[in-house]
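Coordinates from target22.cif are shown below (mmCIF, C-alpha atoms and all ligand atoms; chains and numbers go by the auth columns).
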```cif
data_query
#
loop_
_atom_site.group_PDB
_atom_site.id
_atom_site.type_symbol
_atom_site.label_atom_id
_atom_site.label_comp_id
_atom_site.label_asym_id
_atom_site.label_seq_id
_atom_site.Cartn_x
_atom_site.Cartn_y
_atom_site.Cartn_z
_atom_site.B_iso_or_equiv
_atom_site.auth_seq_id
_atom_site.auth_asym_id
ATOM 1 C CA MET A 1 -14.055 20.795 22.146 0.00 1 S
ATOM 2 C CA ASN A 2 -14.020 23.630 19.606 0.00 2 S
ATOM 3 C CA PRO A 3 -15.132 22.145 16.254 0.00 3 S
ATOM 4 C CA LEU A 4 -12.283 24.053 14.563 0.00 4 S
ATOM 5 C CA PHE A 5 -9.909 21.668 16.335 0.00 5 S
ATOM 6 C CA ALA A 6 -12.201 18.694 16.724 0.00 6 S
ATOM 7 C CA VAL A 7 -13.074 18.271 13.024 0.00 7 S
ATOM 8 C CA PRO A 8 -9.457 18.150 11.731 0.00 8 S
ATOM 9 C CA LEU A 9 -8.581 15.893 14.676 0.00 9 S
ATOM 10 C CA ALA A 10 -11.423 13.488 13.794 0.00 10 S
ATOM 11 C CA LEU A 11 -10.248 13.514 10.154 0.00 11 S
ATOM 12 C CA LEU A 12 -6.681 12.770 11.232 0.00 12 S
ATOM 13 C CA LEU A 13 -7.806 9.970 13.549 0.00 13 S
ATOM 14 C CA GLY A 14 -9.812 8.453 10.676 0.00 14 S
ATOM 15 C CA ALA A 15 -6.749 8.574 8.409 0.00 15 S
ATOM 16 C CA LEU A 16 -4.582 7.098 11.174 0.00 16 S
ATOM 17 C CA THR A 17 -7.086 4.282 11.682 0.00 17 S
ATOM 18 C CA TRP A 18 -6.923 3.403 7.974 0.00 18 S
ATOM 19 C CA SER A 19 -3.133 3.554 8.086 0.00 19 S
ATOM 20 C CA PHE A 20 -3.189 0.996 10.932 0.00 20 S
ATOM 21 C CA LEU A 21 -5.700 -1.207 9.076 0.00 21 S
ATOM 22 C CA GLU A 22 -3.595 -0.949 5.893 0.00 22 S
ATOM 23 C CA TYR A 23 -0.647 -2.398 7.829 0.00 23 S
ATOM 24 C CA CYS A 24 -2.654 -5.121 9.601 0.00 24 S
ATOM 25 C CA ILE A 25 -4.592 -6.261 6.528 0.00 25 S
ATOM 26 C CA HIS A 26 -1.446 -6.396 4.383 0.00 26 S
ATOM 27 C CA ARG A 27 0.787 -8.013 6.978 0.00 27 S
ATOM 28 C CA TRP A 28 -1.572 -10.582 8.424 0.00 28 S
ATOM 29 C CA LEU A 29 -4.329 -11.202 5.873 0.00 29 S
ATOM 30 C CA GLY A 30 -1.874 -10.803 2.981 0.00 30 S
ATOM 31 C CA HIS A 31 1.222 -12.576 4.255 0.00 31 S
ATOM 32 C CA ASP A 32 0.595 -14.692 7.355 0.00 32 S
ATOM 33 C CA ARG A 33 0.647 -18.366 6.369 0.00 33 S
ATOM 34 C CA ARG A 34 -1.752 -19.235 9.193 0.00 34 S
ATOM 35 C CA LEU A 35 -4.418 -17.092 7.513 0.00 35 S
ATOM 36 C CA ARG A 36 -3.684 -18.327 3.993 0.00 36 S
ATOM 37 C CA GLY A 37 -6.726 -18.692 1.763 0.00 37 S
ATOM 38 C CA ASN A 38 -8.670 -15.690 3.049 0.00 38 S
ATOM 39 C CA PRO A 39 -10.167 -13.637 0.159 0.00 39 S
ATOM 40 C CA PHE A 40 -7.760 -10.698 0.542 0.00 40 S
ATOM 41 C CA GLY A 41 -4.793 -13.073 0.792 0.00 41 S
ATOM 42 C CA GLN A 42 -5.749 -14.846 -2.439 0.00 42 S
ATOM 43 C CA GLU A 43 -5.986 -11.573 -4.351 0.00 43 S
ATOM 44 C CA HIS A 44 -2.760 -10.353 -2.765 0.00 44 S
ATOM 45 C CA THR A 45 -0.799 -13.497 -3.658 0.00 45 S
ATOM 46 C CA ARG A 46 -1.881 -12.977 -7.262 0.00 46 S
ATOM 47 C CA HIS A 47 -0.794 -9.309 -7.072 0.00 47 S
ATOM 48 C CA HIS A 48 2.676 -10.441 -5.938 0.00 48 S
ATOM 49 C CA SER A 49 3.052 -13.185 -8.528 0.00 49 S
ATOM 50 C CA GLN A 50 1.808 -11.122 -11.494 0.00 50 S
ATOM 51 C CA GLY A 51 2.908 -7.614 -10.457 0.00 51 S
ATOM 52 C CA ASP A 52 0.401 -5.745 -12.617 0.00 52 S
ATOM 53 C CA TYR A 53 -2.653 -7.595 -11.240 0.00 53 S
ATOM 54 C CA PHE A 54 -5.009 -5.682 -8.949 0.00 54 S
ATOM 55 C CA ALA A 55 -8.223 -7.014 -7.422 0.00 55 S
ATOM 56 C CA PRO A 56 -11.292 -5.833 -9.381 0.00 56 S
ATOM 57 C CA THR A 57 -12.515 -2.340 -8.443 0.00 57 S
ATOM 58 C CA HIS A 58 -16.037 -3.547 -7.627 0.00 58 S
ATOM 59 C CA LYS A 59 -14.624 -5.862 -4.935 0.00 59 S
ATOM 60 C CA LYS A 60 -12.681 -2.982 -3.399 0.00 60 S
ATOM 61 C CA LEU A 61 -15.694 -0.670 -3.466 0.00 61 S
ATOM 62 C CA LEU A 62 -17.863 -3.354 -1.875 0.00 62 S
ATOM 63 C CA ALA A 63 -15.273 -3.882 0.874 0.00 63 S
ATOM 64 C CA ALA A 64 -15.043 -0.100 1.423 0.00 64 S
ATOM 65 C CA LEU A 65 -18.824 0.183 1.618 0.00 65 S
ATOM 66 C CA GLY A 66 -19.004 -2.727 4.075 0.00 66 S
ATOM 67 C CA ALA A 67 -16.303 -1.118 6.230 0.00 67 S
ATOM 68 C CA LEU A 68 -18.109 2.236 6.154 0.00 68 S
ATOM 69 C CA LEU A 69 -21.387 0.627 7.235 0.00 69 S
ATOM 70 C CA LEU A 70 -19.509 -1.075 10.068 0.00 70 S
ATOM 71 C CA VAL A 71 -17.597 2.006 11.259 0.00 71 S
ATOM 72 C CA LEU A 72 -20.120 4.806 10.760 0.00 72 S
ATOM 73 C CA PRO A 73 -22.879 3.831 13.268 0.00 73 S
ATOM 74 C CA PRO A 74 -20.571 3.337 16.290 0.00 74 S
ATOM 75 C CA SER A 75 -18.566 6.469 15.361 0.00 75 S
ATOM 76 C CA VAL A 76 -21.728 8.584 15.242 0.00 76 S
ATOM 77 C CA TRP A 77 -22.950 6.965 18.450 0.00 77 S
ATOM 78 C CA VAL A 78 -19.713 7.781 20.276 0.00 78 S
ATOM 79 C CA ALA A 79 -18.844 11.208 18.828 0.00 79 S
ATOM 80 C CA GLY A 80 -22.070 12.554 17.300 0.00 80 S
ATOM 81 C CA PRO A 81 -22.985 13.017 13.644 0.00 81 S
ATOM 82 C CA LEU A 82 -20.395 15.738 12.795 0.00 82 S
ATOM 83 C CA LEU A 83 -17.302 14.218 14.399 0.00 83 S
ATOM 84 C CA GLY A 84 -18.368 10.594 13.916 0.00 84 S
ATOM 85 C CA GLY A 85 -19.138 11.244 10.253 0.00 85 S
ATOM 86 C CA THR A 86 -15.847 13.119 9.795 0.00 86 S
ATOM 87 C CA TYR A 87 -13.897 10.274 11.409 0.00 87 S
ATOM 88 C CA ALA A 88 -15.526 7.638 9.181 0.00 88 S
ATOM 89 C CA GLY A 89 -15.108 9.927 6.154 0.00 89 S
ATOM 90 C CA GLY A 90 -11.407 10.412 6.942 0.00 90 S
ATOM 91 C CA LEU A 91 -10.930 6.657 7.193 0.00 91 S
ATOM 92 C CA VAL A 92 -12.612 5.961 3.840 0.00 92 S
ATOM 93 C CA ALA A 93 -10.913 8.923 2.111 0.00 93 S
ATOM 94 C CA PHE A 94 -7.471 7.732 3.250 0.00 94 S
ATOM 95 C CA TYR A 95 -8.346 4.201 2.144 0.00 95 S
ATOM 96 C CA LEU A 96 -9.178 5.509 -1.356 0.00 96 S
ATOM 97 C CA TYR A 97 -5.929 7.503 -1.343 0.00 97 S
ATOM 98 C CA TYR A 98 -4.072 4.280 -0.482 0.00 98 S
ATOM 99 C CA GLU A 99 -5.722 2.448 -3.398 0.00 99 S
ATOM 100 C CA VAL A 100 -4.779 5.178 -5.883 0.00 100 S
ATOM 101 C CA LEU A 101 -1.221 5.471 -4.527 0.00 101 S
ATOM 102 C CA HIS A 102 -0.618 1.716 -4.606 0.00 102 S
ATOM 103 C CA ARG A 103 -1.852 1.403 -8.178 0.00 103 S
ATOM 104 C CA ARG A 104 0.209 4.388 -9.316 0.00 104 S
ATOM 105 C CA GLU A 105 3.338 2.996 -7.652 0.00 105 S
ATOM 106 C CA HIS A 106 3.079 0.127 -10.094 0.00 106 S
ATOM 107 C CA THR A 107 2.007 2.136 -13.142 0.00 107 S
ATOM 108 C CA HIS A 108 3.812 5.496 -12.894 0.00 108 S
ATOM 109 C CA ALA A 109 7.231 6.754 -11.817 0.00 109 S
ATOM 110 C CA GLY A 110 7.140 8.664 -8.535 0.00 110 S
ATOM 111 C CA ILE A 111 6.992 12.436 -8.388 0.00 111 S
ATOM 112 C CA GLY A 112 8.947 14.212 -5.640 0.00 112 S
ATOM 113 C CA PRO A 113 10.709 12.703 -2.621 0.00 113 S
ATOM 114 C CA TYR A 114 7.524 11.112 -1.230 0.00 114 S
ATOM 115 C CA GLY A 115 6.554 9.483 -4.541 0.00 115 S
ATOM 116 C CA ARG A 116 10.049 8.061 -4.957 0.00 116 S
ATOM 117 C CA TRP A 117 10.230 6.955 -1.322 0.00 117 S
ATOM 118 C CA ALA A 118 6.828 5.227 -1.515 0.00 118 S
ATOM 119 C CA ARG A 119 7.929 3.186 -4.541 0.00 119 S
ATOM 120 C CA ARG A 120 11.232 2.085 -3.049 0.00 120 S
ATOM 121 C CA HIS A 121 9.517 1.139 0.230 0.00 121 S
ATOM 122 C CA HIS A 122 6.862 -0.874 -1.620 0.00 122 S
ATOM 123 C CA PHE A 123 9.106 -2.540 -4.196 0.00 123 S
ATOM 124 C CA TYR A 124 11.517 -3.599 -1.457 0.00 124 S
ATOM 125 C CA HIS A 125 8.501 -5.437 -0.036 0.00 125 S
ATOM 126 C CA HIS A 126 7.656 -6.942 -3.439 0.00 126 S
ATOM 127 C CA PHE A 127 11.112 -7.986 -4.618 0.00 127 S
ATOM 128 C CA VAL A 128 13.449 -8.240 -1.619 0.00 128 S
ATOM 129 C CA ASP A 129 11.565 -9.161 1.554 0.00 129 S
ATOM 130 C CA PRO A 130 7.754 -9.651 1.647 0.00 130 S
ATOM 131 C CA SER A 131 7.903 -9.891 5.442 0.00 131 S
ATOM 132 C CA ALA A 132 9.015 -6.228 5.658 0.00 132 S
ATOM 133 C CA ASN A 133 7.671 -2.797 4.648 0.00 133 S
ATOM 134 C CA HIS A 134 3.952 -3.599 4.721 0.00 134 S
ATOM 135 C CA GLY A 135 2.875 0.039 4.887 0.00 135 S
ATOM 136 C CA VAL A 136 2.099 1.616 1.531 0.00 136 S
ATOM 137 C CA THR A 137 1.215 5.194 2.448 0.00 137 S
ATOM 138 C CA SER A 138 3.734 5.563 5.297 0.00 138 S
ATOM 139 C CA PRO A 139 6.425 3.646 7.222 0.00 139 S
ATOM 140 C CA LEU A 140 4.712 4.430 10.553 0.00 140 S
ATOM 141 C CA TRP A 141 3.460 0.956 11.541 0.00 141 S
ATOM 142 C CA ASP A 142 6.485 -0.816 10.074 0.00 142 S
ATOM 143 C CA VAL A 143 8.579 1.254 12.477 0.00 143 S
ATOM 144 C CA VAL A 144 6.179 0.540 15.372 0.00 144 S
ATOM 145 C CA PHE A 145 6.119 -3.248 14.724 0.00 145 S
ATOM 146 C CA GLY A 146 9.806 -3.534 13.761 0.00 146 S
ATOM 147 C CA THR A 147 9.262 -4.532 10.115 0.00 147 S
ATOM 148 C CA TYR A 148 10.757 -1.379 8.603 0.00 148 S
ATOM 149 C CA ARG A 149 13.794 -1.951 6.360 0.00 149 S
ATOM 150 C CA ALA A 150 15.620 0.819 4.538 0.00 150 S
ATOM 151 C CA PRO A 151 15.678 -0.257 0.896 0.00 151 S
ATOM 152 C CA GLY A 152 19.123 -0.423 -0.711 0.00 152 S
ATOM 153 C CA VAL A 153 19.398 -1.262 -4.396 0.00 153 S
ATOM 154 C CA ILE A 154 16.294 -3.271 -5.337 0.00 154 S
ATOM 155 C CA PRO A 155 16.754 -6.166 -7.794 0.00 155 S
ATOM 156 C CA VAL A 156 13.581 -6.210 -9.908 0.00 156 S
ATOM 157 C CA PRO A 157 12.813 -9.466 -11.774 0.00 157 S
ATOM 158 C CA VAL A 158 12.618 -8.651 -15.496 0.00 158 S
ATOM 159 C CA LYS A 159 9.296 -10.433 -15.926 0.00 159 S
ATOM 160 C CA LEU A 160 7.692 -8.408 -13.109 0.00 160 S
ATOM 161 C CA LYS A 161 9.275 -5.043 -13.866 0.00 161 S
ATOM 162 C CA MET A 162 7.216 -1.879 -13.783 0.00 162 S
ATOM 163 C CA GLN A 163 6.717 -0.221 -17.190 0.00 163 S
ATOM 164 C CA TRP A 164 8.038 3.089 -15.928 0.00 164 S
ATOM 165 C CA LEU A 165 11.318 1.591 -14.722 0.00 165 S
ATOM 166 C CA THR A 166 12.973 0.821 -18.038 0.00 166 S
ATOM 167 C CA ASP A 167 13.695 2.453 -21.375 0.00 167 S
ATOM 168 C CA PRO A 168 11.543 0.654 -23.979 0.00 168 S
ATOM 169 C CA GLN A 169 14.327 1.073 -26.574 0.00 169 S
ATOM 170 C CA THR A 170 17.171 -0.480 -24.610 0.00 170 S
ATOM 171 C CA GLY A 171 15.271 -2.449 -21.940 0.00 171 S
ATOM 172 C CA GLU A 172 17.651 -0.976 -19.347 0.00 172 S
ATOM 173 C CA VAL A 173 16.689 0.844 -16.153 0.00 173 S
ATOM 174 C CA HIS A 174 16.145 4.572 -16.862 0.00 174 S
ATOM 175 C CA ALA A 175 19.193 6.568 -15.698 0.00 175 S
ATOM 176 C CA PRO A 176 17.415 8.493 -12.876 0.00 176 S
ATOM 177 C CA PHE A 177 16.412 5.171 -11.239 0.00 177 S
ATOM 178 C CA SER A 178 19.626 3.232 -11.832 0.00 178 S
ATOM 179 C CA ALA A 179 21.061 4.075 -8.405 0.00 179 S
ATOM 180 C CA TRP A 180 18.057 2.409 -6.723 0.00 180 S
ATOM 181 C CA TYR A 181 16.942 -0.444 -8.985 0.00 181 S
ATOM 182 C CA THR A 182 18.657 -3.167 -11.017 0.00 182 S
ATOM 183 C CA LEU A 183 17.158 -5.862 -13.244 0.00 183 S
ATOM 184 C CA ARG A 184 17.371 -9.538 -12.318 0.00 184 S
ATOM 185 C CA GLY A 185 16.789 -12.595 -14.537 0.00 185 S
ATOM 186 C CA ARG A 186 15.450 -12.802 -18.053 0.00 186 S
ATOM 187 C CA ALA A 187 11.976 -12.316 -19.466 0.00 187 S
ATOM 188 C CA SER A 188 10.308 -15.673 -20.096 0.00 188 S
HETATM 189 ZN ZN ZN B . 2.057 -3.775 -4.882 0.00 1 D
HETATM 190 ZN ZN ZN B . 2.446 -7.901 -0.012 0.00 2 D
#
```
Mind turning this structure into structure tokens?
Ligand SMILES: [Zn+2]
Ligand SMILES: [Zn+2]
Amino acid sequence: MNPLFAVPLALLLGALTWSFLEYCIHRWLGHDRRLRGNPFGQEHTRHHSQGDYFAPTHKKLLAALGALLLVLPPSVWVAGPLLGGTYAGGLVAFYLYYEVLHRREHTHAGIGPYGRWARRHHFYHHFVDPSANHGVTSPLWDVVFGTYRAPGVIPVPVKLKMQWLTDPQTGEVHAPFSAWYTLRGRAS
């Protein structure tokens, strides 16, 4: 195949593979009771209960490095150094994008339709139904596996609220977000 087509295709396949792993890891390692206690699940439970907790960066980088070492040799073996390397690079690059996006969903208000969509999709998962909307970067696999839910108004517990959601003066939800989020409960 012409490398002009093959390279972008390998990149896309790498990104798609991460997107699938993102769904599987979050849904099953993060939320399936039968797999409770696995290292990702423990960190993820803490992320849900504290809201602003994220697993330490060195753990994530180690996991990414381990995954790269696992994926790269067979990819190169199957598709050659250029396409195999591009595929593995696309997977890791999209993984890093996921990490940045997820963190920013919690720390910063969304920019543009995608940024706002990504937050509503993710905070529906956090605060309404943790068995739905497992995808963070896209709804693709939620749609495929039937776990996609369109978020209505999301009731955010006051003690877990995102900094960007409320006006620090009044403690109320900022006007641009008030159609999509409400506050629930009192700060302890
Ligand atoms: Zn989260
Ligand atoms: Zn979760």
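Inspection of the environment of ligand ZN 2 (chain D), which uses only C-alpha atoms and all ligand atoms and a cut-off of 9 Å, identifies the neighbouring residues as S:His26, S:Arg27, S:Gly30, S:His31, S:Gly41, S:His44, S:Thr45, S:His47, S:His48, S:His122, S:His125, S:His126, S:Pro130, S:Ser131, S:Ala132, S:Asn133, S:His134.
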* To do: Around the point (6.1, -0.6, 8.7), in the coordinates given by the file, pick out the residues reaching within 12 Å, counting all atoms listed in the file, and return them as a PyMOL selection string.
  => chain S and resi 19-24+26-27+118+121-122+124-125+130-150
For the selection just defined, write its residues with C-alpha atoms to a file, as an mmCIF file, keeping the file's coordinate frame.
```
data_model
loop_
_atom_site.group_PDB
_atom_site.id
_atom_site.type_symbol
_atom_site.label_atom_id
_atom_site.label_comp_id
_atom_site.auth_asym_id
_atom_site.auth_seq_id
_atom_site.Cartn_x
_atom_site.Cartn_y
_atom_site.Cartn_z
ATOM 1 C CA SER S 19 -3.133 3.554 8.086
ATOM 2 C CA PHE S 20 -3.189 0.996 10.932
ATOM 3 C CA LEU S 21 -5.700 -1.207 9.076
ATOM 4 C CA GLU S 22 -3.595 -0.949 5.893
ATOM 5 C CA TYR S 23 -0.647 -2.398 7.829
ATOM 6 C CA CYS S 24 -2.654 -5.121 9.601
ATOM 7 C CA HIS S 26 -1.446 -6.396 4.383
ATOM 8 C CA ARG S 27 0.787 -8.013 6.978
ATOM 9 C CA ALA S 118 6.828 5.227 -1.515
ATOM 10 C CA HIS S 121 9.517 1.139 0.230
ATOM 11 C CA HIS S 122 6.862 -0.874 -1.620
ATOM 12 C CA TYR S 124 11.517 -3.599 -1.457
ATOM 13 C CA HIS S 125 8.501 -5.437 -0.036
ATOM 14 C CA PRO S 130 7.754 -9.651 1.647
ATOM 15 C CA SER S 131 7.903 -9.891 5.442
ATOM 16 C CA ALA S 132 9.015 -6.228 5.658
ATOM 17 C CA ASN S 133 7.671 -2.797 4.648
ATOM 18 C CA HIS S 134 3.952 -3.599 4.721
ATOM 19 C CA GLY S 135 2.875 0.039 4.887
ATOM 20 C CA VAL S 136 2.099 1.616 1.531
ATOM 21 C CA THR S 137 1.215 5.194 2.448
ATOM 22 C CA SER S 138 3.734 5.563 5.297
ATOM 23 C CA PRO S 139 6.425 3.646 7.222
ATOM 24 C CA LEU S 140 4.712 4.430 10.553
ATOM 25 C CA TRP S 141 3.460 0.956 11.541
ATOM 26 C CA ASP S 142 6.485 -0.816 10.074
ATOM 27 C CA VAL S 143 8.579 1.254 12.477
ATOM 28 C CA VAL S 144 6.179 0.540 15.372
ATOM 29 C CA PHE S 145 6.119 -3.248 14.724
ATOM 30 C CA GLY S 146 9.806 -3.534 13.761
ATOM 31 C CA THR S 147 9.262 -4.532 10.115
ATOM 32 C CA TYR S 148 10.757 -1.379 8.603
ATOM 33 C CA ARG S 149 13.794 -1.951 6.360
ATOM 34 C CA ALA S 150 15.620 0.819 4.538
#
```
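Taking CA of Ile154 in chain S and CA of Val173 in chain S as endpoints, the distance between them is 11.6 Å.
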* To do: Identify the residues within 12 Å of coordinate (-2.0, -5.4, -12.8) (same frame as the file), considering all atoms listed in the file, and give the answer as a list in words.
  => Glu43, His44, Arg46, His47, His48, Ser49, Gln50, Gly51, Asp52, Tyr53, Phe54, Ala55, Pro56, Thr57, His102, Arg103, Arg104, Glu105, His106, Thr107, Leu160, Lys161, Met162 and Gln163 of chain S
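Interatomic distance, CA of Pro155 in chain S to CA of Asp129 in chain S: 11.1 Å.
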* Mind telling me what the PyMOL selection byres (((chain S and resi 157) around 8) and not hetatm) catches here, as a PyMOL selection string? -> chain S and resi 127+155-156+158-161+183-186
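Restricting the calculation to all atoms listed in the file, the smallest distance between His108 in chain S and any of S:Leu29, S:His174, S:Leu4, S:Trp164 is found for S:Trp164.
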* Run the PyMOL selection byres (((chain S and resi 67-76) around 12) and not hetatm) against the file shown and list the residues it catches, as a PyMOL selection string. => chain S and resi 10+13-14+17-18+21+60-66+77-93+95
Output of the above residues as a PDB file, in the frame of the given file, restricted to C-alpha atoms:
```pdb
ATOM      1  CA  ALA S  10     -11.423  13.488  13.794  1.00  0.00           C
ATOM      2  CA  LEU S  13      -7.806   9.970  13.549  1.00  0.00           C
ATOM      3  CA  GLY S  14      -9.812   8.453  10.676  1.00  0.00           C
ATOM      4  CA  THR S  17      -7.086   4.282  11.682  1.00  0.00           C
ATOM      5  CA  TRP S  18      -6.923   3.403   7.974  1.00  0.00           C
ATOM      6  CA  LEU S  21      -5.700  -1.207   9.076  1.00  0.00           C
ATOM      7  CA  LYS S  60     -12.681  -2.982  -3.399  1.00  0.00           C
ATOM      8  CA  LEU S  61     -15.694  -0.670  -3.466  1.00  0.00           C
ATOM      9  CA  LEU S  62     -17.863  -3.354  -1.875  1.00  0.00           C
ATOM     10  CA  ALA S  63     -15.273  -3.882   0.874  1.00  0.00           C
ATOM     11  CA  ALA S  64     -15.043  -0.100   1.423  1.00  0.00           C
ATOM     12  CA  LEU S  65     -18.824   0.183   1.618  1.00  0.00           C
ATOM     13  CA  GLY S  66     -19.004  -2.727   4.075  1.00  0.00           C
ATOM     14  CA  TRP S  77     -22.950   6.965  18.450  1.00  0.00           C
ATOM     15  CA  VAL S  78     -19.713   7.781  20.276  1.00  0.00           C
ATOM     16  CA  ALA S  79     -18.844  11.208  18.828  1.00  0.00           C
ATOM     17  CA  GLY S  80     -22.070  12.554  17.300  1.00  0.00           C
ATOM     18  CA  PRO S  81     -22.985  13.017  13.644  1.00  0.00           C
ATOM     19  CA  LEU S  82     -20.395  15.738  12.795  1.00  0.00           C
ATOM     20  CA  LEU S  83     -17.302  14.218  14.399  1.00  0.00           C
ATOM     21  CA  GLY S  84     -18.368  10.594  13.916  1.00  0.00           C
ATOM     22  CA  GLY S  85     -19.138  11.244  10.253  1.00  0.00           C
ATOM     23  CA  THR S  86     -15.847  13.119   9.795  1.00  0.00           C
ATOM     24  CA  TYR S  87     -13.897  10.274  11.409  1.00  0.00           C
ATOM     25  CA  ALA S  88     -15.526   7.638   9.181  1.00  0.00           C
ATOM     26  CA  GLY S  89     -15.108   9.927   6.154  1.00  0.00           C
ATOM     27  CA  GLY S  90     -11.407  10.412   6.942  1.00  0.00           C
ATOM     28  CA  LEU S  91     -10.930   6.657   7.193  1.00  0.00           C
ATOM     29  CA  VAL S  92     -12.612   5.961   3.840  1.00  0.00           C
ATOM     30  CA  ALA S  93     -10.913   8.923   2.111  1.00  0.00           C
ATOM     31  CA  TYR S  95      -8.346   4.201   2.144  1.00  0.00           C
TER      32      TYR S  95
END
```
* Asked: Between S:Gln42, S:Pro8, S:Phe123, S:Arg33, which has the minimum distance to ligand ZN 1 (chain D) (counting all atoms listed in the file)?
  -> S:Phe123
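For the set S:Leu165, S:Leu12, S:Ala179, S:Ile111, the residue with the smallest atom-to-atom gap to Phe94 in chain S is S:Leu12, counting all atoms listed in the file.
Minimum atom-to-atom distances from S:Arg119, S:Pro151, S:Val128, S:Glu172 to ligand ZN 1 (chain D) were compared using all atoms listed in the file, and the lowest value belongs to S:Arg119.
Of the listed residues S:Asp32, S:Leu16, S:Tyr98, S:Phe5, the one whose atoms come nearest to ligand ZN 1 (chain D) is S:Tyr98, with distances taken using only C-alpha atoms and all ligand atoms.
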* Asked: Suppose you want the space between CA of Val100 in chain S and CA of Ala175 in chain S; what is it in Å?
  -> 25.9 Å
* **Closest of S:Trp28, S:Leu101, S:Ala109, S:Asp167 to ligand ZN 1 (chain D) - atom-to-atom distances counting only C-alpha atoms and all ligand atoms** => S:Leu101
Coordinates of box centre and edge lengths for range 121-137 of chain S, 6 Å on every side, axis-aligned, as lines of an AutoDock Vina configuration file:
```
center_x = 7.3
center_y = -2.3
center_z = 0.5
size_x = 24.2
size_y = 27.1
size_z = 22.3
```
If the PyMOL selection byres (((chain S and resi 153) around 6) and not hetatm) is run on the structure shown, which residues does it catch, given as a short mmCIF file (atom, residue, chain, number, x, y, z; two decimals) with C-alpha atoms, in the frame of the given file?
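Output file selection_37.cif is given in full below:
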```cif
data_model
loop_
_atom_site.label_atom_id
_atom_site.label_comp_id
_atom_site.auth_asym_id
_atom_site.auth_seq_id
_atom_site.Cartn_x
_atom_site.Cartn_y
_atom_site.Cartn_z
CA GLY S 152 19.12 -0.42 -0.71
CA ILE S 154 16.29 -3.27 -5.34
CA TRP S 180 18.06 2.41 -6.72
CA TYR S 181 16.94 -0.44 -8.98
#
```
